[in-house]
file work_8.tsv (TSV, N, CA and C atoms)
chain	number	residue	atom	x	y	z
A	8	MET	N	0.83	-1.18	0.00
A	8	MET	CA	0.00	0.00	0.00
A	8	MET	C	0.87	1.25	0.00
A	9	ASP	N	0.54	2.20	-0.84
A	9	ASP	CA	1.33	3.42	-0.84
A	9	ASP	C	0.82	4.38	0.23
A	10	ARG	N	1.59	5.43	0.44
A	10	ARG	CA	1.28	6.37	1.53
A	10	ARG	C	-0.06	7.07	1.37
A	11	SER	N	-0.45	7.42	0.16
A	11	SER	CA	-1.68	8.19	-0.05
A	11	SER	C	-2.92	7.43	0.40
A	12	SER	N	-2.92	6.12	0.31
A	12	SER	CA	-4.09	5.36	0.74
A	12	SER	C	-4.23	5.32	2.25
A	13	HIS	N	-3.14	5.54	2.98
A	13	HIS	CA	-3.19	5.57	4.44
A	13	HIS	C	-3.76	6.89	4.97
A	14	ARG	N	-3.68	7.93	4.19
A	14	ARG	CA	-4.08	9.24	4.68
A	14	ARG	C	-5.53	9.27	5.14
A	15	THR	N	-6.41	8.60	4.43
A	15	THR	CA	-7.82	8.64	4.82
A	15	THR	C	-8.18	7.53	5.79
A	16	THR	N	-7.49	6.41	5.74
A	16	THR	CA	-7.85	5.30	6.62
A	16	THR	C	-7.24	5.45	8.01
A	17	ASP	N	-6.08	6.09	8.12
A	17	ASP	CA	-5.42	6.21	9.41
A	17	ASP	C	-6.01	7.32	10.28
A	18	LEU	N	-6.66	8.28	9.66
A	18	LEU	CA	-7.18	9.43	10.41
A	18	LEU	C	-8.66	9.66	10.13
A	19	PRO	N	-9.52	8.73	10.55
A	19	PRO	CA	-10.95	8.90	10.25
A	19	PRO	C	-11.55	10.13	10.92
A	20	SER	N	-11.06	10.50	12.09
A	20	SER	CA	-11.58	11.68	12.77
A	20	SER	C	-11.28	12.95	11.98
A	21	LEU	N	-10.07	13.02	11.44
A	21	LEU	CA	-9.69	14.18	10.65
A	21	LEU	C	-10.51	14.24	9.35
A	22	ARG	N	-10.71	13.10	8.74
A	22	ARG	CA	-11.53	13.04	7.52
A	22	ARG	C	-12.96	13.50	7.81
A	23	HIS	N	-13.52	13.04	8.91
A	23	HIS	CA	-14.88	13.40	9.31
A	23	HIS	C	-14.96	14.92	9.56
A	24	PHE	N	-13.98	15.47	10.25
A	24	PHE	CA	-13.92	16.91	10.51
A	24	PHE	C	-13.87	17.70	9.21
A	25	ALA	N	-13.02	17.25	8.29
A	25	ALA	CA	-12.88	17.93	6.99
A	25	ALA	C	-14.17	17.87	6.20
A	26	GLN	N	-14.88	16.76	6.26
A	26	GLN	CA	-16.15	16.64	5.56
A	26	GLN	C	-17.17	17.64	6.11
A	27	HIS	N	-17.19	17.81	7.42
A	27	HIS	CA	-18.10	18.79	8.02
A	27	HIS	C	-17.72	20.21	7.63
A	28	LEU	N	-16.43	20.49	7.58
A	28	LEU	CA	-15.99	21.82	7.14
A	28	LEU	C	-16.44	22.09	5.71
A	29	GLU	N	-16.31	21.10	4.86
A	29	GLU	CA	-16.73	21.27	3.46
A	29	GLU	C	-18.23	21.50	3.36
A	30	ARG	N	-19.02	20.82	4.19
A	30	ARG	CA	-20.47	21.00	4.17
A	30	ARG	C	-20.86	22.41	4.59
A	31	ASP	N	-20.12	22.98	5.51
A	31	ASP	CA	-20.41	24.33	6.03
A	31	ASP	C	-19.40	25.34	5.52
A	32	LEU	N	-18.92	25.15	4.32
A	32	LEU	CA	-17.86	26.00	3.79
A	32	LEU	C	-18.23	27.49	3.79
A	33	ASP	N	-19.48	27.83	3.46
A	33	ASP	CA	-19.89	29.23	3.48
A	33	ASP	C	-19.77	29.82	4.89
A	34	ALA	N	-20.21	29.07	5.90
A	34	ALA	CA	-20.14	29.55	7.27
A	34	ALA	C	-18.69	29.65	7.74
A	35	VAL	N	-17.87	28.69	7.37
A	35	VAL	CA	-16.45	28.72	7.75
A	35	VAL	C	-15.77	29.92	7.12
A	36	THR	N	-16.03	30.15	5.84
A	36	THR	CA	-15.44	31.30	5.14
A	36	THR	C	-15.89	32.60	5.78
A	37	ALA	N	-17.18	32.71	6.08
A	37	ALA	CA	-17.70	33.93	6.71
A	37	ALA	C	-17.05	34.14	8.08
A	38	GLY	N	-16.91	33.07	8.85
A	38	GLY	CA	-16.31	33.18	10.17
A	38	GLY	C	-14.86	33.63	10.15
A	39	LEU	N	-14.17	33.29	9.08
A	39	LEU	CA	-12.75	33.64	8.98
A	39	LEU	C	-12.51	34.99	8.29
A	40	THR	N	-13.52	35.51	7.60
A	40	THR	CA	-13.29	36.73	6.83
A	40	THR	C	-14.10	37.93	7.28
A	41	LEU	N	-15.24	37.72	7.94
A	41	LEU	CA	-16.08	38.84	8.34
A	41	LEU	C	-15.68	39.36	9.72
A	42	PRO	N	-15.91	40.64	9.98
A	42	PRO	CA	-15.48	41.24	11.25
A	42	PRO	C	-16.39	40.90	12.44
A	43	TRP	N	-17.56	40.30	12.20
A	43	TRP	CA	-18.49	40.03	13.29
A	43	TRP	C	-18.16	38.70	13.96
A	44	ASN	N	-18.53	38.61	15.24
A	44	ASN	CA	-18.39	37.33	15.94
A	44	ASN	C	-19.47	37.21	17.00
A	45	SER	N	-19.55	36.07	17.63
A	45	SER	CA	-20.59	35.81	18.62
A	45	SER	C	-20.05	35.90	20.04
A	46	GLY	N	-18.98	36.64	20.23
A	46	GLY	CA	-18.34	36.73	21.54
A	46	GLY	C	-19.25	37.23	22.64
A	47	VAL	N	-20.06	38.25	22.36
A	47	VAL	CA	-20.96	38.80	23.38
A	47	VAL	C	-22.00	37.77	23.78
A	48	VAL	N	-22.57	37.09	22.81
A	48	VAL	CA	-23.57	36.07	23.10
A	48	VAL	C	-22.94	34.94	23.90
A	49	GLU	N	-21.76	34.50	23.51
A	49	GLU	CA	-21.07	33.43	24.24
A	49	GLU	C	-20.79	33.85	25.68
A	50	GLY	N	-20.47	35.12	25.88
A	50	GLY	CA	-20.25	35.62	27.24
A	50	GLY	C	-21.50	35.51	28.09
A	51	HIS	N	-22.65	35.85	27.52
A	51	HIS	CA	-23.92	35.73	28.26
A	51	HIS	C	-24.24	34.27	28.57
A	52	VAL	N	-24.03	33.40	27.59
A	52	VAL	CA	-24.28	31.97	27.80
A	52	VAL	C	-23.37	31.44	28.91
A	53	ASN	N	-22.10	31.83	28.89
A	53	ASN	CA	-21.16	31.40	29.91
A	53	ASN	C	-21.59	31.87	31.30
A	54	ARG	N	-22.05	33.12	31.39
A	54	ARG	CA	-22.50	33.67	32.68
A	54	ARG	C	-23.71	32.91	33.21
A	55	ILE	N	-24.66	32.62	32.33
A	55	ILE	CA	-25.86	31.89	32.76
A	55	ILE	C	-25.49	30.47	33.20
A	56	LYS	N	-24.60	29.82	32.49
A	56	LYS	CA	-24.16	28.48	32.89
A	56	LYS	C	-23.46	28.51	34.24
A	57	MET	N	-22.66	29.56	34.49
A	57	MET	CA	-21.99	29.69	35.78
A	57	MET	C	-23.01	29.83	36.90
A	58	LEU	N	-24.01	30.70	36.69
A	58	LEU	CA	-25.06	30.87	37.70
A	58	LEU	C	-25.80	29.56	37.94
A	59	LYS	N	-26.08	28.85	36.88
A	59	LYS	CA	-26.78	27.57	37.01
A	59	LYS	C	-25.96	26.57	37.83
A	60	ARG	N	-24.64	26.52	37.56
A	60	ARG	CA	-23.77	25.61	38.33
A	60	ARG	C	-23.73	26.01	39.81
A	61	GLN	N	-23.67	27.31	40.08
A	61	GLN	CA	-23.63	27.77	41.47
A	61	GLN	C	-24.89	27.39	42.22
A	62	MET	N	-26.01	27.33	41.53
A	62	MET	CA	-27.29	27.09	42.18
A	62	MET	C	-27.72	25.63	42.12
A	63	PHE	N	-26.90	24.77	41.58
A	63	PHE	CA	-27.29	23.37	41.43
A	63	PHE	C	-27.75	22.78	42.76
A	64	GLY	N	-28.96	22.24	42.79
A	64	GLY	CA	-29.48	21.59	43.98
A	64	GLY	C	-30.05	22.52	45.02
A	65	ARG	N	-29.98	23.81	44.82
A	65	ARG	CA	-30.43	24.76	45.84
A	65	ARG	C	-31.87	25.19	45.67
A	66	ALA	N	-32.27	25.45	44.45
A	66	ALA	CA	-33.62	25.97	44.24
A	66	ALA	C	-34.07	25.67	42.83
A	67	GLY	N	-35.25	26.12	42.53
A	67	GLY	CA	-35.83	25.83	41.23
A	67	GLY	C	-35.55	26.91	40.20
A	68	PHE	N	-36.29	26.79	39.11
A	68	PHE	CA	-36.10	27.67	37.97
A	68	PHE	C	-36.38	29.13	38.30
A	69	GLU	N	-37.38	29.40	39.13
A	69	GLU	CA	-37.75	30.80	39.43
A	69	GLU	C	-36.61	31.57	40.07
A	70	LEU	N	-35.89	30.96	41.01
A	70	LEU	CA	-34.77	31.65	41.65
A	70	LEU	C	-33.63	31.86	40.64
A	71	LEU	N	-33.38	30.86	39.82
A	71	LEU	CA	-32.36	31.01	38.77
A	71	LEU	C	-32.76	32.16	37.84
A	72	ARG	N	-34.00	32.22	37.45
A	72	ARG	CA	-34.49	33.30	36.57
A	72	ARG	C	-34.27	34.66	37.21
A	73	LYS	N	-34.59	34.79	38.49
A	73	LYS	CA	-34.40	36.06	39.20
A	73	LYS	C	-32.92	36.46	39.23
A	74	ARG	N	-32.06	35.50	39.49
A	74	ARG	CA	-30.63	35.80	39.54
A	74	ARG	C	-30.10	36.24	38.19
A	75	VAL	N	-30.55	35.57	37.12
A	75	VAL	CA	-30.11	35.93	35.78
A	75	VAL	C	-30.58	37.33	35.45
A	76	LEU	N	-31.83	37.65	35.76
A	76	LEU	CA	-32.37	38.98	35.45
A	76	LEU	C	-31.75	40.07	36.32
A	77	LEU	N	-31.48	39.78	37.59
A	77	LEU	CA	-30.87	40.78	38.47
A	77	LEU	C	-29.42	41.04	38.12
A	78	TYR	N	-28.72	40.05	37.60
A	78	TYR	CA	-27.30	40.19	37.26
A	78	TYR	C	-27.11	41.11	36.06
A	79	ALA	N	-28.10	41.13	35.17
A	79	ALA	CA	-27.97	41.91	33.92
A	79	ALA	C	-28.01	43.40	34.13
call {"tool": "encode", "arguments": {"input": "work_8.tsv", "output": "structure tokens"}}
result
Amino acid sequence: MDRSSHRTTDLPSLRHFAQHLERDLDAVTAGLTLPWNSGVVEGHVNRIKMLKRQMFGRAGFELLRKRVLLYA
């Protein structure tokens, strides 16, 4: 077997990743070339997840909701 045939069989995870990139090529190109990003949204999601972890087992959804709204 020559080397080129090993490239796809030895690294199935890399091949799978590349296939997904090709499927979303427009989104990948936009993400690498446009000035916008989702950093602010990711920050809010991270903050809410942190609050949720802090409150795990303490109370229900209503208290979590109040904390999220009061923090903003």
call {"tool": "residues_around", "arguments": {"input": "work_8.tsv", "residues": "range 68-72 of chain A", "least_positions_apart": "4", "cutoff": "8 Å", "atoms": "all atoms listed in the file", "output": "list of chain:residue names"}}
result
A:Leu58, A:Lys59, A:Met62, A:Leu76, A:Leu77, A:Tyr78
call {"tool": "atom_distance", "arguments": {"input": "work_8.tsv", "atom1": "CA of Val48 in chain A", "atom2": "CA of Thr36 in chain A"}}
result
20.3 Å
call {"tool": "atom_distance", "arguments": {"input": "work_8.tsv", "atom1": "atom N of Asp33 in chain A", "atom2": "atom N of Leu18 in chain A"}}
result
24.2 Å
call {"tool": "select_by_dssp", "arguments": {"input": "work_8.tsv", "residues": "chain A", "states": "helix (DSSP H, G or I)", "output": "JSON, numbers by chain"}}
result
{"A": [10, 11, 12, 13, 14, 15, 16, 19, 20, 21, 22, 23, 24, 25, 26, 27, 28, 29, 30, 32, 33, 34, 35, 36, 37, 38, 39, 40, 46, 47, 48, 49, 50, 51, 52, 53, 54, 55, 56, 57, 58, 59, 60, 61, 68, 69, 70, 71, 72, 73, 74, 75, 76, 77, 78]}
call {"tool": "atom_distance", "arguments": {"input": "work_8.tsv", "atom1": "CA of Trp43 in chain A", "atom2": "atom C of Asp31 in chain A"}}
result
16.6 Å
call {"tool": "build_atoms", "arguments": {"input": "work_8.tsv", "residues": "range 62-73 of chain A", "atoms": "all heavy atoms", "output": "mmCIF file, in the coordinates of the input"}}
result
data_model
loop_
_atom_site.group_PDB
_atom_site.id
_atom_site.type_symbol
_atom_site.label_atom_id
_atom_site.label_comp_id
_atom_site.auth_asym_id
_atom_site.auth_seq_id
_atom_site.Cartn_x
_atom_site.Cartn_y
_atom_site.Cartn_z
ATOM 1 N N MET A 62 -26.010 27.330 41.530
ATOM 2 C CA MET A 62 -27.290 27.090 42.180
ATOM 3 C C MET A 62 -27.720 25.630 42.120
ATOM 4 O O MET A 62 -28.800 25.301 42.589
ATOM 5 C CB MET A 62 -28.351 27.974 41.544
ATOM 6 C CG MET A 62 -28.062 29.436 41.769
ATOM 7 S SD MET A 62 -29.370 30.480 41.164
ATOM 8 C CE MET A 62 -30.751 29.848 42.066
ATOM 9 N N PHE A 63 -26.900 24.770 41.580
ATOM 10 C CA PHE A 63 -27.290 23.370 41.430
ATOM 11 C C PHE A 63 -27.750 22.780 42.760
ATOM 12 O O PHE A 63 -27.036 22.846 43.758
ATOM 13 C CB PHE A 63 -26.126 22.548 40.872
ATOM 14 C CG PHE A 63 -26.476 21.114 40.656
ATOM 15 C CD1 PHE A 63 -27.229 20.732 39.557
ATOM 16 C CD2 PHE A 63 -26.070 20.143 41.549
ATOM 17 C CE1 PHE A 63 -27.569 19.408 39.353
ATOM 18 C CE2 PHE A 63 -26.400 18.817 41.361
ATOM 19 C CZ PHE A 63 -27.154 18.451 40.253
ATOM 20 N N GLY A 64 -28.960 22.240 42.790
ATOM 21 C CA GLY A 64 -29.480 21.590 43.980
ATOM 22 C C GLY A 64 -30.050 22.520 45.020
ATOM 23 O O GLY A 64 -30.567 22.082 46.043
ATOM 24 N N ARG A 65 -29.980 23.810 44.820
ATOM 25 C CA ARG A 65 -30.430 24.760 45.840
ATOM 26 C C ARG A 65 -31.870 25.190 45.670
ATOM 27 O O ARG A 65 -32.582 25.367 46.642
ATOM 28 C CB ARG A 65 -29.557 26.007 45.825
ATOM 29 C CG ARG A 65 -28.147 25.717 46.210
ATOM 30 C CD ARG A 65 -27.364 26.969 46.263
ATOM 31 N NE ARG A 65 -25.956 26.628 46.424
ATOM 32 C CZ ARG A 65 -25.031 27.481 46.676
ATOM 33 N NH1 ARG A 65 -25.327 28.754 46.788
ATOM 34 N NH2 ARG A 65 -23.795 27.102 46.811
ATOM 35 N N ALA A 66 -32.270 25.450 44.450
ATOM 36 C CA ALA A 66 -33.620 25.970 44.240
ATOM 37 C C ALA A 66 -34.070 25.670 42.830
ATOM 38 O O ALA A 66 -33.328 25.117 42.021
ATOM 39 C CB ALA A 66 -33.626 27.475 44.495
ATOM 40 N N GLY A 67 -35.250 26.120 42.530
ATOM 41 C CA GLY A 67 -35.830 25.830 41.230
ATOM 42 C C GLY A 67 -35.550 26.910 40.200
ATOM 43 O O GLY A 67 -34.731 27.820 40.378
ATOM 44 N N PHE A 68 -36.290 26.790 39.110
ATOM 45 C CA PHE A 68 -36.100 27.670 37.970
ATOM 46 C C PHE A 68 -36.380 29.130 38.300
ATOM 47 O O PHE A 68 -35.695 30.028 37.813
ATOM 48 C CB PHE A 68 -37.001 27.206 36.817
ATOM 49 C CG PHE A 68 -36.927 28.096 35.616
ATOM 50 C CD1 PHE A 68 -35.825 28.051 34.776
ATOM 51 C CD2 PHE A 68 -37.949 28.987 35.341
ATOM 52 C CE1 PHE A 68 -35.749 28.875 33.680
ATOM 53 C CE2 PHE A 68 -37.879 29.819 34.240
ATOM 54 C CZ PHE A 68 -36.774 29.760 33.402
ATOM 55 N N GLU A 69 -37.380 29.400 39.130
ATOM 56 C CA GLU A 69 -37.750 30.800 39.430
ATOM 57 C C GLU A 69 -36.610 31.570 40.070
ATOM 58 O O GLU A 69 -36.356 32.724 39.732
ATOM 59 C CB GLU A 69 -39.004 30.853 40.303
ATOM 60 C CG GLU A 69 -40.279 30.614 39.522
ATOM 61 C CD GLU A 69 -40.430 31.582 38.343
ATOM 62 O OE1 GLU A 69 -40.245 32.803 38.522
ATOM 63 O OE2 GLU A 69 -40.719 31.093 37.236
ATOM 64 N N LEU A 70 -35.890 30.960 41.010
ATOM 65 C CA LEU A 70 -34.770 31.650 41.650
ATOM 66 C C LEU A 70 -33.630 31.860 40.640
ATOM 67 O O LEU A 70 -33.028 32.937 40.598
ATOM 68 C CB LEU A 70 -34.252 30.873 42.858
ATOM 69 C CG LEU A 70 -33.124 31.544 43.647
ATOM 70 C CD1 LEU A 70 -33.539 32.946 44.123
ATOM 71 C CD2 LEU A 70 -32.718 30.691 44.826
ATOM 72 N N LEU A 71 -33.380 30.860 39.820
ATOM 73 C CA LEU A 71 -32.360 31.010 38.770
ATOM 74 C C LEU A 71 -32.760 32.160 37.840
ATOM 75 O O LEU A 71 -31.921 33.005 37.504
ATOM 76 C CB LEU A 71 -32.204 29.718 37.976
ATOM 77 C CG LEU A 71 -31.265 29.784 36.765
ATOM 78 C CD1 LEU A 71 -29.851 30.129 37.200
ATOM 79 C CD2 LEU A 71 -31.297 28.475 35.996
ATOM 80 N N ARG A 72 -34.000 32.220 37.450
ATOM 81 C CA ARG A 72 -34.490 33.300 36.570
ATOM 82 C C ARG A 72 -34.270 34.660 37.210
ATOM 83 O O ARG A 72 -33.787 35.591 36.566
ATOM 84 C CB ARG A 72 -35.977 33.063 36.284
ATOM 85 C CG ARG A 72 -36.583 34.070 35.353
ATOM 86 C CD ARG A 72 -38.054 33.698 35.077
ATOM 87 N NE ARG A 72 -38.640 34.636 34.170
ATOM 88 C CZ ARG A 72 -39.216 35.784 34.544
ATOM 89 N NH1 ARG A 72 -39.299 36.087 35.827
ATOM 90 N NH2 ARG A 72 -39.715 36.618 33.659
ATOM 91 N N LYS A 73 -34.590 34.790 38.490
ATOM 92 C CA LYS A 73 -34.400 36.060 39.200
ATOM 93 C C LYS A 73 -32.920 36.460 39.230
ATOM 94 O O LYS A 73 -32.570 37.624 39.007
ATOM 95 C CB LYS A 73 -34.937 35.980 40.625
ATOM 96 C CG LYS A 73 -36.448 36.002 40.681
ATOM 97 C CD LYS A 73 -36.934 35.880 42.114
ATOM 98 C CE LYS A 73 -38.445 35.798 42.143
ATOM 99 N NZ LYS A 73 -38.961 35.605 43.495
#
